[in-house]
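Shown next, in structure tokens, is the structure this report addresses.
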Amino acid sequence: MVSGKAVVINEKGLHIKPAGKMSSIALSYPCMAYLVIREYRVNAKSVLGILSAQVKKGEEIEVVCDGEGEEEALKELLAAVEAGFDLV
């Protein structure tokens with residue numbers, strides 16, 4: 001299991017487009033992927049799960065990956081958050 005933290009820079013937080021991109025990235029790996037935000041732990045492969053956490057701009061999230069391809073998944077997910085999902 002690996003984890004890392006990043007700050008959400010999107011103006012509207014993790015709304016539908018970045019949540020969709022995050023889910024798409026997570027689904028491309030066989031490992032489990034979760035986001036830990038405040039008291040929530042949500043499945044990063046679920047758009048609705050991500051949206052349910054209501055992540056706002058400036059909040060720090062922790063990405064946790066466990067299983068085959070975990071290192072690569074973590075790296076790509078954190079890079080996407082830090083890049084603002086290309087500021088969609």
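To be explicit about the labels: the chains of the structure tokens are called A, B, and onward in the order shown, and within each one the residues are counted from 1, while ligands get numbers from 1 in the order they are shown.
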Please run DSSP on the backbone and report, as a VMD selection string, all residues within chain A that come out as helix (DSSP H, G or I).
-> chain A and resid 16 to 27 47 to 52 70 to 82 84 to 87
Hey, what's within 12 Å of Arg38 of chain A if we count only C-alpha atoms and toss same-chain stuff fewer than 6 positions away? As a PyMOL selection string, please?
-> chain A and resi 53-56+59-62
Just write the chosen residues, N, CA and C atoms, as a tab-separated table (two decimals), in the first residue's frame.
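Result file again.tsv:
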```tsv
chain	number	residue	atom	x	y	z
A	53	ALA	N	-17.79	13.48	-1.53
A	53	ALA	CA	-16.88	14.06	-0.55
A	53	ALA	C	-16.88	15.59	-0.58
A	54	GLN	N	-17.44	16.18	-1.63
A	54	GLN	CA	-17.55	17.64	-1.76
A	54	GLN	C	-16.22	18.35	-1.48
A	55	VAL	N	-15.20	17.97	-2.24
A	55	VAL	CA	-13.86	18.53	-2.05
A	55	VAL	C	-13.80	19.93	-2.65
A	56	LYS	N	-13.36	20.87	-1.86
A	56	LYS	CA	-13.28	22.28	-2.26
A	56	LYS	C	-11.85	22.65	-2.64
A	59	GLU	N	-8.27	22.31	-0.45
A	59	GLU	CA	-8.27	21.20	0.49
A	59	GLU	C	-7.19	20.18	0.10
A	60	GLU	N	-6.57	19.60	1.12
A	60	GLU	CA	-5.58	18.56	0.89
A	60	GLU	C	-6.28	17.21	0.90
A	61	ILE	N	-5.97	16.41	-0.10
A	61	ILE	CA	-6.53	15.05	-0.16
A	61	ILE	C	-5.37	14.06	-0.12
A	62	GLU	N	-5.66	12.90	0.42
A	62	GLU	CA	-4.68	11.82	0.42
A	62	GLU	C	-5.17	10.75	-0.56
```
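Each of A:Val81, A:Leu35, A:Leu27, A:Val63 was checked against Leu51 of chain A using only C-alpha atoms; the smallest atom-to-atom distance is that of A:Leu35.
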Hey, what's within 8 Å of Leu74 of chain A if we count only C-alpha atoms and toss same-chain stuff fewer than 3 positions away? As a PyMOL selection string, please?
-> chain A and resi 2-4+63-65+70-71+77-78
Could you give me, as a PyMOL selection string, the residues within 8 Å of Val47 of chain A, counting only C-alpha atoms and dropping anything in the same chain fewer than 2 positions from it?
-> chain A and resi 16+19-20+22-23+44-45+49-51
I need the residues from that last selection saved to file as a CSV table (one decimal), in the first residue's frame (with N, CA and C atoms), if you can.
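Writing done, so here's part-v2.csv:
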```csv
chain,number,residue,atom,x,y,z
A,16,ILE,N,-17.7,17.7,-11.4
A,16,ILE,CA,-17.9,16.5,-12.3
A,16,ILE,C,-16.8,16.2,-13.2
A,19,ALA,N,-13.6,14.9,-11.3
A,19,ALA,CA,-14.0,13.7,-10.7
A,19,ALA,C,-14.0,12.6,-11.8
A,20,GLY,N,-14.5,12.9,-12.9
A,20,GLY,CA,-14.6,11.9,-14.0
A,20,GLY,C,-13.2,11.6,-14.5
A,22,MET,N,-10.4,11.8,-12.7
A,22,MET,CA,-9.8,11.0,-11.6
A,22,MET,C,-10.3,9.5,-11.7
A,23,SER,N,-11.5,9.4,-11.8
A,23,SER,CA,-12.1,8.0,-11.9
A,23,SER,C,-11.6,7.2,-13.1
A,44,ALA,N,-11.8,6.0,-5.4
A,44,ALA,CA,-11.4,6.9,-6.5
A,44,ALA,C,-11.9,6.4,-7.8
A,45,LYS,N,-12.4,5.2,-7.9
A,45,LYS,CA,-12.9,4.6,-9.2
A,45,LYS,C,-14.4,5.0,-9.4
A,49,GLY,N,-18.7,8.6,-5.8
A,49,GLY,CA,-18.0,8.6,-4.5
A,49,GLY,C,-17.2,9.8,-4.3
A,50,ILE,N,-16.5,10.2,-5.4
A,50,ILE,CA,-15.6,11.4,-5.3
A,50,ILE,C,-16.5,12.7,-5.1
A,51,LEU,N,-17.6,12.8,-5.9
A,51,LEU,CA,-18.5,13.9,-5.7
A,51,LEU,C,-19.1,14.0,-4.3
```
Would you mind writing down, as a PyMOL selection string, each residue of segment 36-75 of chain A that DSSP on the backbone assigns to strand (DSSP E or B)?
-> chain A and resi 36-37+40-43+60-66
Save the residues we just selected, N, CA and C atoms, as a PDB file, in the first residue's frame?
```pdb
ATOM      1  N   VAL A  36      -8.800  10.017   0.670  1.00  0.00           N
ATOM      2  CA  VAL A  36      -9.121  10.309   2.060  1.00  0.00           C
ATOM      3  C   VAL A  36      -9.195  11.821   2.172  1.00  0.00           C
ATOM      4  N   ILE A  37     -10.412  12.308   2.485  1.00  0.00           N
ATOM      5  CA  ILE A  37     -10.667  13.735   2.582  1.00  0.00           C
ATOM      6  C   ILE A  37     -11.421  13.974   3.888  1.00  0.00           C
ATOM      7  N   TYR A  40     -13.820  11.464   5.389  1.00  0.00           N
ATOM      8  CA  TYR A  40     -14.328  10.579   4.345  1.00  0.00           C
ATOM      9  C   TYR A  40     -13.219   9.726   3.728  1.00  0.00           C
ATOM     10  N   ARG A  41     -13.578   8.504   3.372  1.00  0.00           N
ATOM     11  CA  ARG A  41     -12.712   7.640   2.558  1.00  0.00           C
ATOM     12  C   ARG A  41     -13.600   7.151   1.424  1.00  0.00           C
ATOM     13  N   VAL A  42     -13.256   7.569   0.205  1.00  0.00           N
ATOM     14  CA  VAL A  42     -14.114   7.261  -0.942  1.00  0.00           C
ATOM     15  C   VAL A  42     -13.329   6.513  -2.004  1.00  0.00           C
ATOM     16  N   ASN A  43     -14.052   5.739  -2.791  1.00  0.00           N
ATOM     17  CA  ASN A  43     -13.465   4.965  -3.876  1.00  0.00           C
ATOM     18  C   ASN A  43     -13.109   5.922  -5.020  1.00  0.00           C
ATOM     19  N   GLU A  60      -6.571  19.604   1.118  1.00  0.00           N
ATOM     20  CA  GLU A  60      -5.579  18.557   0.893  1.00  0.00           C
ATOM     21  C   GLU A  60      -6.284  17.212   0.897  1.00  0.00           C
ATOM     22  N   ILE A  61      -5.973  16.409  -0.103  1.00  0.00           N
ATOM     23  CA  ILE A  61      -6.526  15.054  -0.157  1.00  0.00           C
ATOM     24  C   ILE A  61      -5.369  14.062  -0.119  1.00  0.00           C
ATOM     25  N   GLU A  62      -5.660  12.897   0.415  1.00  0.00           N
ATOM     26  CA  GLU A  62      -4.684  11.817   0.420  1.00  0.00           C
ATOM     27  C   GLU A  62      -5.174  10.753  -0.556  1.00  0.00           C
ATOM     28  N   VAL A  63      -4.286  10.333  -1.435  1.00  0.00           N
ATOM     29  CA  VAL A  63      -4.584   9.265  -2.388  1.00  0.00           C
ATOM     30  C   VAL A  63      -3.908   8.003  -1.870  1.00  0.00           C
ATOM     31  N   VAL A  64      -4.687   6.927  -1.762  1.00  0.00           N
ATOM     32  CA  VAL A  64      -4.172   5.650  -1.263  1.00  0.00           C
ATOM     33  C   VAL A  64      -4.400   4.594  -2.338  1.00  0.00           C
ATOM     34  N   CYS A  65      -3.341   3.889  -2.717  1.00  0.00           N
ATOM     35  CA  CYS A  65      -3.434   2.820  -3.712  1.00  0.00           C
ATOM     36  C   CYS A  65      -2.869   1.535  -3.109  1.00  0.00           C
ATOM     37  N   ASP A  66      -3.527   0.431  -3.411  1.00  0.00           N
ATOM     38  CA  ASP A  66      -3.107  -0.843  -2.847  1.00  0.00           C
ATOM     39  C   ASP A  66      -3.314  -1.952  -3.866  1.00  0.00           C
TER      40      ASP A  66
END
```
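The two atoms in question, atom CA of Met1 of chain A and atom CA of Gly67 of chain A, are spaced 6.8 Å apart.
For the pair atom CA of Lys12 of chain A and atom CA of Ser28 of chain A, the interatomic distance is 24.9 Å.
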Could you give me, as a PDB file with C-alpha atoms, in the first residue's frame, the residues within 9 Å of segment 84-86 of chain A, counting only C-alpha atoms and dropping anything in the same chain fewer than 5 positions from it?
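around.pdb written:
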```pdb
ATOM      1  CA  VAL A   8      -6.811  20.583  -4.993  1.00  0.00           C
ATOM      2  CA  ILE A   9      -6.238  23.700  -7.113  1.00  0.00           C
ATOM      3  CA  ASN A  10      -9.369  23.616  -9.267  1.00  0.00           C
ATOM      4  CA  GLU A  11     -11.498  26.721  -8.690  1.00  0.00           C
ATOM      5  CA  LYS A  17     -15.162  16.913 -14.857  1.00  0.00           C
ATOM      6  CA  PRO A  18     -12.146  16.435 -12.568  1.00  0.00           C
ATOM      7  CA  LYS A  21     -10.913  12.289 -15.002  1.00  0.00           C
ATOM      8  CA  MET A  22      -9.769  10.990 -11.624  1.00  0.00           C
ATOM      9  CA  ALA A  79       0.144  14.388 -10.873  1.00  0.00           C
TER      10      ALA A  79
END
```
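Taking atom CA of Ile25 of chain A and atom CA of Ala73 of chain A as the two end points, the separation is 7.6 Å.
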Pick from A:Met32, A:Glu82, A:Ala26, A:Gly69: nearest to Lys57 of chain A, with only C-alpha atoms counted?
-> A:Glu82
